[in-house]
Amino acid sequence: MGIVIVSHSPLVARGIADMVRQMVGDCVPLAWSGGNVHGELGTDAGGILRAIEAAWSDAGVAVFVDLGGAETNSEMAIEMLGLPRSALVSICNAPLVEGAVIAAAEASGGASLAKVVATAEELSP
């Protein structure tokens with residue numbers, strides 16, 4: 001199961017991905033997308049799509065986002081992915097850092113996409 005981190009800040013996205021990687025090593029496909037096409041604050045559906053493809057797993061991909069625009073562009077990227085793969089991608093309504101870390105831990109243990117998303121979303125207030 002893959003994990004994608006999406007943030008308006010490339011530094012934040014990369015930093016969270018680094019934290020996740022330190023927690024679970026290379027056993028979970030992991031990618032991040034941060035910033036707009038100019039490297040400034042924002043998000044980019046094309047960059048998110050590339051991150052989903054980089055973290056692809058036939059078991060699914062969980063996407064973690066920081067703000068509304070990241071969620072909107074992630075939804076667009078998932079649509080661009082097309083069926084049947086888009087049905088295997090879920091945007092998690094969970095805190096970005098804590099959600100990504102707990103999701104990666106669950107995924108490294110072989111949990112399903114549904115279980116990973118449910119566990120991460122339990123962290124939401």
# chains A, B, ... in the order shown; residues from 1 in each chain; ligands from 1
>>> residues_around(residues="Gly2 (chain A)", least_positions_apart="5", cutoff="6 Å", atoms="only C-alpha atoms", output="VMD selection string")
chain A and resid 28 to 30 55 to 57 61
>>> residues_around(residues="Leu113 (chain A)", least_positions_apart="2", cutoff="9 Å", atoms="only C-alpha atoms", output="PyMOL selection string")
chain A and resi 1-2+59-62+88-90+107+111+115-118
>>> residues_around(residues="region 97-104 of chain A", least_positions_apart="6", cutoff="7 Å", atoms="only C-alpha atoms", output="PDB file with N, CA, C and O atoms, in the first residue's frame")
ATOM      1  N   ILE A   3       1.727   5.500   0.077  1.00  0.00           N
ATOM      2  CA  ILE A   3       1.393   6.720   0.809  1.00  0.00           C
ATOM      3  C   ILE A   3       1.885   7.915  -0.004  1.00  0.00           C
ATOM      4  O   ILE A   3       3.018   7.924  -0.485  1.00  0.00           O
ATOM      5  N   ILE A  16       7.796  15.716   5.907  1.00  0.00           N
ATOM      6  CA  ILE A  16       6.906  14.663   6.414  1.00  0.00           C
ATOM      7  C   ILE A  16       7.266  13.331   5.771  1.00  0.00           C
ATOM      8  O   ILE A  16       7.315  12.295   6.443  1.00  0.00           O
ATOM      9  N   VAL A  20       8.281   9.874   7.702  1.00  0.00           N
ATOM     10  CA  VAL A  20       7.647   8.583   7.445  1.00  0.00           C
ATOM     11  C   VAL A  20       8.702   7.551   7.058  1.00  0.00           C
ATOM     12  O   VAL A  20       8.713   6.426   7.560  1.00  0.00           O
ATOM     13  N   VAL A  24       9.424   3.829   8.841  1.00  0.00           N
ATOM     14  CA  VAL A  24       9.098   2.524   8.253  1.00  0.00           C
ATOM     15  C   VAL A  24      10.113   2.042   7.223  1.00  0.00           C
ATOM     16  O   VAL A  24       9.944   0.952   6.667  1.00  0.00           O
ATOM     17  N   VAL A  28       7.320   0.642   2.419  1.00  0.00           N
ATOM     18  CA  VAL A  28       6.065   1.233   1.962  1.00  0.00           C
ATOM     19  C   VAL A  28       6.375   2.195   0.818  1.00  0.00           C
ATOM     20  O   VAL A  28       7.199   3.090   0.977  1.00  0.00           O
ATOM     21  N   PHE A  64      -2.516  12.035   1.781  1.00  0.00           N
ATOM     22  CA  PHE A  64      -2.668  12.925   2.930  1.00  0.00           C
ATOM     23  C   PHE A  64      -2.425  14.350   2.476  1.00  0.00           C
ATOM     24  O   PHE A  64      -1.424  14.629   1.820  1.00  0.00           O
ATOM     25  N   VAL A 116      -6.013   1.110   6.726  1.00  0.00           N
ATOM     26  CA  VAL A 116      -5.061   2.210   6.866  1.00  0.00           C
ATOM     27  C   VAL A 116      -5.802   3.540   6.958  1.00  0.00           C
ATOM     28  O   VAL A 116      -5.521   4.360   7.838  1.00  0.00           O
ATOM     29  N   VAL A 117      -6.751   3.755   6.059  1.00  0.00           N
ATOM     30  CA  VAL A 117      -7.516   5.010   6.069  1.00  0.00           C
ATOM     31  C   VAL A 117      -8.308   5.144   7.361  1.00  0.00           C
ATOM     32  O   VAL A 117      -8.317   6.192   7.992  1.00  0.00           O
ATOM     33  N   ALA A 120      -5.985   6.014  10.301  1.00  0.00           N
ATOM     34  CA  ALA A 120      -5.513   7.397  10.211  1.00  0.00           C
ATOM     35  C   ALA A 120      -6.636   8.384  10.545  1.00  0.00           C
ATOM     36  O   ALA A 120      -6.420   9.367  11.257  1.00  0.00           O
ATOM     37  N   LEU A 123      -7.633   9.652  14.066  1.00  0.00           N
ATOM     38  CA  LEU A 123      -6.863  10.735  14.691  1.00  0.00           C
ATOM     39  C   LEU A 123      -7.517  12.102  14.524  1.00  0.00           C
ATOM     40  O   LEU A 123      -7.103  13.063  15.159  1.00  0.00           O
TER      41      LEU A 123
END
>>> closest_residue(among="A:Ala87, A:Gly109, A:Ser7, A:Pro95", to="Glu40 (chain A)", atoms="only C-alpha atoms")
A:Ser7
>>> residues_around(residues="Glu121 (chain A)", least_positions_apart="4", cutoff="7 Å", atoms="only C-alpha atoms", output="PDB file with C-alpha atoms, in the first residue's frame")
ATOM      1  CA  CYS A  92      -7.538  10.617   4.132  1.00  0.00           C
ATOM      2  CA  ASN A  93      -9.315  13.057   6.401  1.00  0.00           C
ATOM      3  CA  ALA A  94      -6.585  12.917   9.027  1.00  0.00           C
ATOM      4  CA  VAL A 117      -7.516   5.010   6.069  1.00  0.00           C
TER       5      VAL A 117
END
>>> closest_residue(among="A:Asp44, A:Glu106, A:Asp58, A:Glu122", to="Val6 (chain A)", atoms="only C-alpha atoms")
A:Asp44
>>> residues_around(residues="region 77-83 of chain A", least_positions_apart="5", cutoff="10 Å", atoms="only C-alpha atoms", output="PDB file with N, CA, C and O atoms, in the first residue's frame")
ATOM      1  N   ASP A  44      -0.287  21.307  -7.213  1.00  0.00           N
ATOM      2  CA  ASP A  44      -0.360  21.082  -8.649  1.00  0.00           C
ATOM      3  C   ASP A  44      -0.903  19.686  -8.908  1.00  0.00           C
ATOM      4  O   ASP A  44      -0.288  18.701  -8.474  1.00  0.00           O
ATOM      5  N   ALA A  45      -2.031  19.593  -9.596  1.00  0.00           N
ATOM      6  CA  ALA A  45      -2.651  18.291  -9.856  1.00  0.00           C
ATOM      7  C   ALA A  45      -1.709  17.366 -10.619  1.00  0.00           C
ATOM      8  O   ALA A  45      -1.652  16.163 -10.340  1.00  0.00           O
ATOM      9  N   GLY A  46      -0.952  17.903 -11.570  1.00  0.00           N
ATOM     10  CA  GLY A  46      -0.005  17.075 -12.318  1.00  0.00           C
ATOM     11  C   GLY A  46       1.083  16.506 -11.430  1.00  0.00           C
ATOM     12  O   GLY A  46       1.471  15.338 -11.561  1.00  0.00           O
ATOM     13  N   GLY A  47       1.596  17.317 -10.514  1.00  0.00           N
ATOM     14  CA  GLY A  47       2.607  16.844  -9.577  1.00  0.00           C
ATOM     15  C   GLY A  47       2.055  15.794  -8.631  1.00  0.00           C
ATOM     16  O   GLY A  47       2.735  14.821  -8.292  1.00  0.00           O
ATOM     17  N   ILE A  48       0.812  15.983  -8.219  1.00  0.00           N
ATOM     18  CA  ILE A  48       0.163  15.006  -7.337  1.00  0.00           C
ATOM     19  C   ILE A  48      -0.043  13.690  -8.083  1.00  0.00           C
ATOM     20  O   ILE A  48       0.205  12.611  -7.536  1.00  0.00           O
ATOM     21  N   LEU A  49      -0.459  13.775  -9.335  1.00  0.00           N
ATOM     22  CA  LEU A  49      -0.629  12.575 -10.151  1.00  0.00           C
ATOM     23  C   LEU A  49       0.692  11.818 -10.261  1.00  0.00           C
ATOM     24  O   LEU A  49       0.732  10.586 -10.092  1.00  0.00           O
ATOM     25  N   ARG A  50       1.791  12.528 -10.509  1.00  0.00           N
ATOM     26  CA  ARG A  50       3.103  11.877 -10.593  1.00  0.00           C
ATOM     27  C   ARG A  50       3.473  11.217  -9.259  1.00  0.00           C
ATOM     28  O   ARG A  50       4.051  10.124  -9.235  1.00  0.00           O
ATOM     29  N   ALA A  51       3.128  11.866  -8.148  1.00  0.00           N
ATOM     30  CA  ALA A  51       3.404  11.283  -6.834  1.00  0.00           C
ATOM     31  C   ALA A  51       2.586  10.010  -6.618  1.00  0.00           C
ATOM     32  O   ALA A  51       3.103   9.009  -6.106  1.00  0.00           O
ATOM     33  N   ILE A  52       1.324  10.028  -7.008  1.00  0.00           N
ATOM     34  CA  ILE A  52       0.484   8.830  -6.877  1.00  0.00           C
ATOM     35  C   ILE A  52       1.075   7.697  -7.710  1.00  0.00           C
ATOM     36  O   ILE A  52       1.169   6.558  -7.251  1.00  0.00           O
ATOM     37  N   GLU A  53       1.492   8.013  -8.921  1.00  0.00           N
ATOM     38  CA  GLU A  53       2.081   6.979  -9.775  1.00  0.00           C
ATOM     39  C   GLU A  53       3.393   6.456  -9.182  1.00  0.00           C
ATOM     40  O   GLU A  53       3.682   5.260  -9.258  1.00  0.00           O
ATOM     41  N   VAL A  63      -3.721   9.134   0.293  1.00  0.00           N
ATOM     42  CA  VAL A  63      -3.213  10.486   0.057  1.00  0.00           C
ATOM     43  C   VAL A  63      -3.536  11.344   1.271  1.00  0.00           C
ATOM     44  O   VAL A  63      -4.690  11.398   1.714  1.00  0.00           O
ATOM     45  N   GLU A  71      -6.524  19.196  -1.279  1.00  0.00           N
ATOM     46  CA  GLU A  71      -7.552  18.163  -1.441  1.00  0.00           C
ATOM     47  C   GLU A  71      -8.202  18.263  -2.815  1.00  0.00           C
ATOM     48  O   GLU A  71      -8.383  17.255  -3.503  1.00  0.00           O
ATOM     49  N   THR A  72      -8.534  19.475  -3.230  1.00  0.00           N
ATOM     50  CA  THR A  72      -9.160  19.674  -4.539  1.00  0.00           C
ATOM     51  C   THR A  72      -8.252  19.188  -5.664  1.00  0.00           C
ATOM     52  O   THR A  72      -8.683  18.462  -6.563  1.00  0.00           O
ATOM     53  N   LEU A  88      -8.725   2.826  -6.412  1.00  0.00           N
ATOM     54  CA  LEU A  88      -7.821   2.308  -5.383  1.00  0.00           C
ATOM     55  C   LEU A  88      -7.048   3.418  -4.668  1.00  0.00           C
ATOM     56  O   LEU A  88      -6.058   3.140  -3.990  1.00  0.00           O
ATOM     57  N   VAL A  89      -7.502   4.664  -4.817  1.00  0.00           N
ATOM     58  CA  VAL A  89      -6.835   5.797  -4.175  1.00  0.00           C
ATOM     59  C   VAL A  89      -7.832   6.489  -3.258  1.00  0.00           C
ATOM     60  O   VAL A  89      -8.959   6.786  -3.667  1.00  0.00           O
ATOM     61  N   SER A  90      -7.414   6.741  -2.020  1.00  0.00           N
ATOM     62  CA  SER A  90      -8.280   7.412  -1.039  1.00  0.00           C
ATOM     63  C   SER A  90      -7.580   8.619  -0.448  1.00  0.00           C
ATOM     64  O   SER A  90      -6.398   8.533  -0.073  1.00  0.00           O
ATOM     65  N   ILE A  91      -8.301   9.722  -0.360  1.00  0.00           N
ATOM     66  CA  ILE A  91      -7.811  10.895   0.358  1.00  0.00           C
ATOM     67  C   ILE A  91      -8.226  10.731   1.816  1.00  0.00           C
ATOM     68  O   ILE A  91      -9.393  10.480   2.106  1.00  0.00           O
TER      69      ILE A  91
END
>>> select_by_dssp(residues="region 1-124 of chain A", states="helix (DSSP H, G or I)", output="number ranges by chain")
A: 10-24, 45-54, 68-81, 85-88, 96-108, 113-121
